[in-house]
Amino acid sequence: MLLFEVLLNGVVLGGMYALLAFGLNLQYGVARIMNLSYGEFLMTSAFAAFWFFTLYSIDPLLSALFSVPLSFVANWLIYRLVLTPLVRRAPNRDALETDSILVTFGILFVIQGTALLNWGGEYRGYTYLAVPVDVFGATIAANRLLASSVAYALGIGAFLVLRYTRVGLALRALAIDPIAAQLVAIDVPKLSGLAFATGGAMIAAAGTLISMFLSFNPSIGVIYTLKALIVMILGGVGSMLGSLVAGLILGVAENLGAYLVDPGLTLAINFAIFLLILLLRPKGLFARG
C-alpha cells in the first residue's frame with residue numbers, strides 16, 4: 001500500500017509537470033520563442049496566491065482569477081513589444097532562438113531581481129487544505145489532490161481545444177510550418193502572440209496550484225523552467241499528448257526514486273531519464289516524423 005501511495009503522489013506531481021510543459025510547448029512549439037523567463041511567471045503567481053491568502057484570506061483558486069489574466073496580458077505585451085521586432089529581423093529560426101534566449105534571459109533577471117528586492121530570498125508558504133484524504137486505501141493531502149485535479153482539467157481542456165477547434169487547428173498548423181500556414185490565410189503574427197500569451201497564462205495557473213502544497217522563493221523560476229523544458233523535449237516539441245505522458249513518467253520516476261533510493265537524487269533522476277529517452281528517441285516520445 002505504501003508503494004501505491006508513492007505512485008499516486010507521482011501521478012499527482014506528473015500532472016503539474018505536464019501543465020508546466022503545456023505552456024512552454026505553446027511558447028516554443030507554436031510561437032517558436034525559447035523563453036528562459038518562463039518560470040518567473042510561475043514564481044510571481046505563487047507569491048500572488050500567497051499574499052492574497054495571508055493578507056486577505058482569499059482562496060488561492062480565486063486569486064488565480066487575478067494572476068492568470070495578468071500573466072496573459074504581460075506575456076502578450078512582452079511578445080508584441082519585445083519579441084516581435086526580433087521575429088521580424090531574424091533571418092532564420094536559429095538566429096531567432098539565439099536572440100530570444102538572450103532577451104528572455106535578461107527578462108528573467110529583471111523579474112527575479114525585482115522579486116528579491118521586494119520579498120527577500122527566504123522561502124514562503126501557507127497552509128491550505130492540508131488534511132489527509134483516503135484514496136483507495138492510500139493517503140494523500142487534499143491540497144495536492146485538488147491541485148492535480150485542476151492541472152489535469154486544464155491540460156485536457158487545452159488538448160481538446162487544440163484538437164477540435166478551428167483556432168486549435170490553426171495553432172497546430174503554425175507549429176508544423178509557419179510559412180505554409182501563412183499561405184492558407186492564417187494570421188501567423190496574431191496567433192503566435194496568442195500562443196505565447198496563453199503559455200504565460202498556463203504557467204501562472206501552475207504557479208498558483210504549486211503554491212498550495214509547496215514552499216517557494218523568488219529563485220524557483222529557473223528550476224521550473226528547466227523541468228518544463230525537460231518534459232517538453234521528452235514528449236516531443238509541439239506535442240501536448242507527449243507533454244502529458246512525459247510529465248507522468250517524470251513525476252512517477254521522481255517519487256519512486258525518492259522512495260527507493262534517496263530524496264536528494266530527484267534532479268539526477270530527471271536527467272538520467274532525459275538522457276535515456278533522448279538516446280532512444282532523439283526527437284522525443286511523440287515527435288512528428
# chains A, B, ... in the order shown; residues from 1 in each chain; ligands from 1
$ residues_around --residues "Leu209 (chain A)" --least-positions-apart "4" --cutoff "8 Å" --atoms "only C-alpha atoms" --output "VMD selection string"
chain A and resid 46 60 to 61 147 to 148 150 to 151 205 213
$ closest_atom_pairs --of "region 26-105 of chain A" --to "region 227-237 of chain A" --cutoff "9 Å" --atoms "only C-alpha atoms" --output "JSON lines"
{"residue": "A:Tyr28", "atom": "CA", "partner": "A:Val237", "partner_atom": "CA", "distance": 7.7}
{"residue": "A:Gly29", "atom": "CA", "partner": "A:Val237", "partner_atom": "CA", "distance": 5.4}
{"residue": "A:Val30", "atom": "CA", "partner": "A:Val237", "partner_atom": "CA", "distance": 8.9}
{"residue": "A:Gly39", "atom": "CA", "partner": "A:Ala228", "partner_atom": "CA", "distance": 8.5}
$ residues_around --residues "region 63-65 of chain A" --least-positions-apart "5" --cutoff "9 Å" --atoms "only C-alpha atoms" --output "list of chain:residue names"
A:Ser45, A:Ala48, A:Ala49, A:Phe52, A:Phe53, A:Ile58, A:Leu70, A:Ala204, A:Ala205, A:Thr208, A:Leu209
$ residues_around --residues "Ala272 (chain A)" --least-positions-apart "3" --cutoff "12 Å" --atoms "only C-alpha atoms" --output "ChimeraX atom specification"
/A:230,234,250,253-254,257,265-269,275-279
$ atom_distance --atom1 "CA of Val135 (chain A)" --atom2 "CA of Ile249 (chain A)"
20.7 Å
$ closest_residue --among "A:Leu13, A:Met212, A:Leu83, A:Leu145" --to "Asp59 (chain A)" --atoms "only C-alpha atoms"
A:Met212
$ residues_around --residues "Leu8 (chain A)" --least-positions-apart "3" --cutoff "9 Å" --atoms "only C-alpha atoms" --output "VMD selection string"
chain A and resid 3 to 5 11 to 13 135 138 140 252
$ write_last_selection --atoms "N, CA, C and O atoms" --output "compact mmCIF listing (two decimals), in the first residue's frame"
# COMPACT_ATOMS: atom_id res chain seq x y z
N LEU A 3 3.71 1.57 -1.51
CA LEU A 3 4.17 1.76 -2.88
C LEU A 3 3.08 2.40 -3.73
O LEU A 3 3.36 3.29 -4.56
N PHE A 4 1.83 2.00 -3.53
CA PHE A 4 0.72 2.61 -4.26
C PHE A 4 0.60 4.10 -3.92
O PHE A 4 0.33 4.93 -4.79
N GLU A 5 0.84 4.44 -2.66
CA GLU A 5 0.80 5.83 -2.24
C GLU A 5 1.89 6.64 -2.93
O GLU A 5 1.67 7.78 -3.35
N VAL A 11 1.77 10.41 -9.76
CA VAL A 11 0.77 10.82 -10.75
C VAL A 11 0.31 12.26 -10.51
O VAL A 11 0.13 13.03 -11.45
N VAL A 12 0.15 12.62 -9.23
CA VAL A 12 -0.21 13.99 -8.87
C VAL A 12 0.86 14.97 -9.35
O VAL A 12 0.58 15.98 -10.00
N LEU A 13 2.12 14.65 -9.06
CA LEU A 13 3.23 15.51 -9.47
C LEU A 13 3.35 15.56 -10.99
O LEU A 13 3.65 16.60 -11.58
N VAL A 135 -7.58 7.62 -0.59
CA VAL A 135 -7.86 7.27 -1.99
C VAL A 135 -7.52 5.80 -2.19
O VAL A 135 -6.34 5.44 -2.31
N ALA A 138 -4.88 4.55 0.09
CA ALA A 138 -3.68 5.39 0.18
C ALA A 138 -4.04 6.76 0.71
O ALA A 138 -5.16 7.25 0.50
N ILE A 140 -3.34 10.82 0.80
CA ILE A 140 -2.75 11.94 0.06
C ILE A 140 -3.35 13.23 0.58
O ILE A 140 -4.52 13.27 0.99
N VAL A 252 6.27 10.14 -11.64
CA VAL A 252 6.31 8.82 -11.01
C VAL A 252 7.75 8.42 -10.73
O VAL A 252 8.07 7.89 -9.65
$ atom_distance --atom1 "CA of Leu19 (chain A)" --atom2 "CA of Gln182 (chain A)"
28.6 Å
$ residues_around --residues "Leu86 (chain A)" --least-positions-apart "4" --cutoff "7 Å" --atoms "only C-alpha atoms" --output "list in words"
Ala90, Leu96 and Asp99 of chain A
$ residues_around --residues "Thr139 (chain A)" --least-positions-apart "6" --cutoff "10 Å" --atoms "only C-alpha atoms" --output "MDAnalysis selection string"
chainID A and resid 1:2 4:6 8:9 131:133
$ select_by_dssp --residues "region 144-248 of chain A" --states "alpha helix (DSSP H)" --output "JSON, numbers by chain"
{"A": [144, 145, 146, 147, 148, 149, 150, 151, 152, 153, 154, 155, 156, 157, 158, 159, 160, 161, 162, 163, 164, 166, 167, 168, 169, 170, 171, 172, 173, 174, 175, 176, 178, 179, 180, 181, 182, 183, 188, 189, 190, 191, 192, 193, 194, 195, 196, 197, 198, 199, 200, 201, 202, 203, 204, 205, 206, 207, 208, 209, 210, 211, 221, 222, 223, 224, 225, 226, 227, 228, 229, 230, 231, 232, 233, 234, 235, 240, 241, 242, 243, 244, 245, 246, 247, 248]}
$ atom_distance --atom1 "CA of Phe109 (chain A)" --atom2 "CA of Ser243 (chain A)"
27.0 Å
$ closest_residue --among "A:Phe105, A:Trp51, A:Tyr38, A:Phe274" --to "Ile220 (chain A)" --atoms "only C-alpha atoms"
A:Tyr38
$ select_by_dssp --residues "region 116-282 of chain A" --states "strand (DSSP E)" --output "ChimeraX atom specification"
/A:132-135,138-141
$ write_last_selection --atoms "N, CA, C and O atoms" --output "PDB file, in the first residue's frame"
ATOM      1  N   PRO A 132      -5.453  15.017   5.340  1.00  0.00           N
ATOM      2  CA  PRO A 132      -5.298  13.760   4.595  1.00  0.00           C
ATOM      3  C   PRO A 132      -6.617  13.296   3.972  1.00  0.00           C
ATOM      4  O   PRO A 132      -7.689  13.483   4.548  1.00  0.00           O
ATOM      5  N   VAL A 133      -6.506  12.712   2.797  1.00  0.00           N
ATOM      6  CA  VAL A 133      -7.660  12.151   2.095  1.00  0.00           C
ATOM      7  C   VAL A 133      -7.333  10.710   1.734  1.00  0.00           C
ATOM      8  O   VAL A 133      -6.226  10.407   1.260  1.00  0.00           O
ATOM      9  N   ASP A 134      -8.283   9.831   1.961  1.00  0.00           N
ATOM     10  CA  ASP A 134      -8.091   8.413   1.649  1.00  0.00           C
ATOM     11  C   ASP A 134      -8.514   8.141   0.206  1.00  0.00           C
ATOM     12  O   ASP A 134      -9.641   8.434  -0.183  1.00  0.00           O
ATOM     13  N   VAL A 135      -7.576   7.621  -0.594  1.00  0.00           N
ATOM     14  CA  VAL A 135      -7.860   7.270  -1.989  1.00  0.00           C
ATOM     15  C   VAL A 135      -7.518   5.795  -2.189  1.00  0.00           C
ATOM     16  O   VAL A 135      -6.337   5.436  -2.307  1.00  0.00           O
ATOM     17  N   ALA A 138      -4.885   4.554   0.095  1.00  0.00           N
ATOM     18  CA  ALA A 138      -3.680   5.387   0.182  1.00  0.00           C
ATOM     19  C   ALA A 138      -4.044   6.758   0.712  1.00  0.00           C
ATOM     20  O   ALA A 138      -5.156   7.251   0.504  1.00  0.00           O
ATOM     21  N   THR A 139      -3.099   7.389   1.386  1.00  0.00           N
ATOM     22  CA  THR A 139      -3.344   8.711   1.963  1.00  0.00           C
ATOM     23  C   THR A 139      -2.608   9.773   1.157  1.00  0.00           C
ATOM     24  O   THR A 139      -1.410   9.634   0.865  1.00  0.00           O
ATOM     25  N   ILE A 140      -3.343  10.824   0.805  1.00  0.00           N
ATOM     26  CA  ILE A 140      -2.752  11.936   0.062  1.00  0.00           C
ATOM     27  C   ILE A 140      -3.351  13.227   0.580  1.00  0.00           C
ATOM     28  O   ILE A 140      -4.517  13.267   0.991  1.00  0.00           O
ATOM     29  N   ALA A 141      -2.558  14.289   0.595  1.00  0.00           N
ATOM     30  CA  ALA A 141      -3.043  15.578   1.092  1.00  0.00           C
ATOM     31  C   ALA A 141      -4.104  16.142   0.148  1.00  0.00           C
ATOM     32  O   ALA A 141      -3.986  16.044  -1.079  1.00  0.00           O
TER      33      ALA A 141
END
$ closest_residue --among "A:Ala31, A:Val73, A:Met16, A:Leu117" --to "Leu191 (chain A)" --atoms "only C-alpha atoms"
A:Ala31
$ closest_residue --among "A:Val245, A:Ile176, A:Met240, A:Leu20" --to "Gly157 (chain A)" --atoms "only C-alpha atoms"
A:Met240
$ closest_residue --among "A:Gly23, A:Gly125, A:Gly10, A:Pro69" --to "Ser215 (chain A)" --atoms "only C-alpha atoms"
A:Gly125
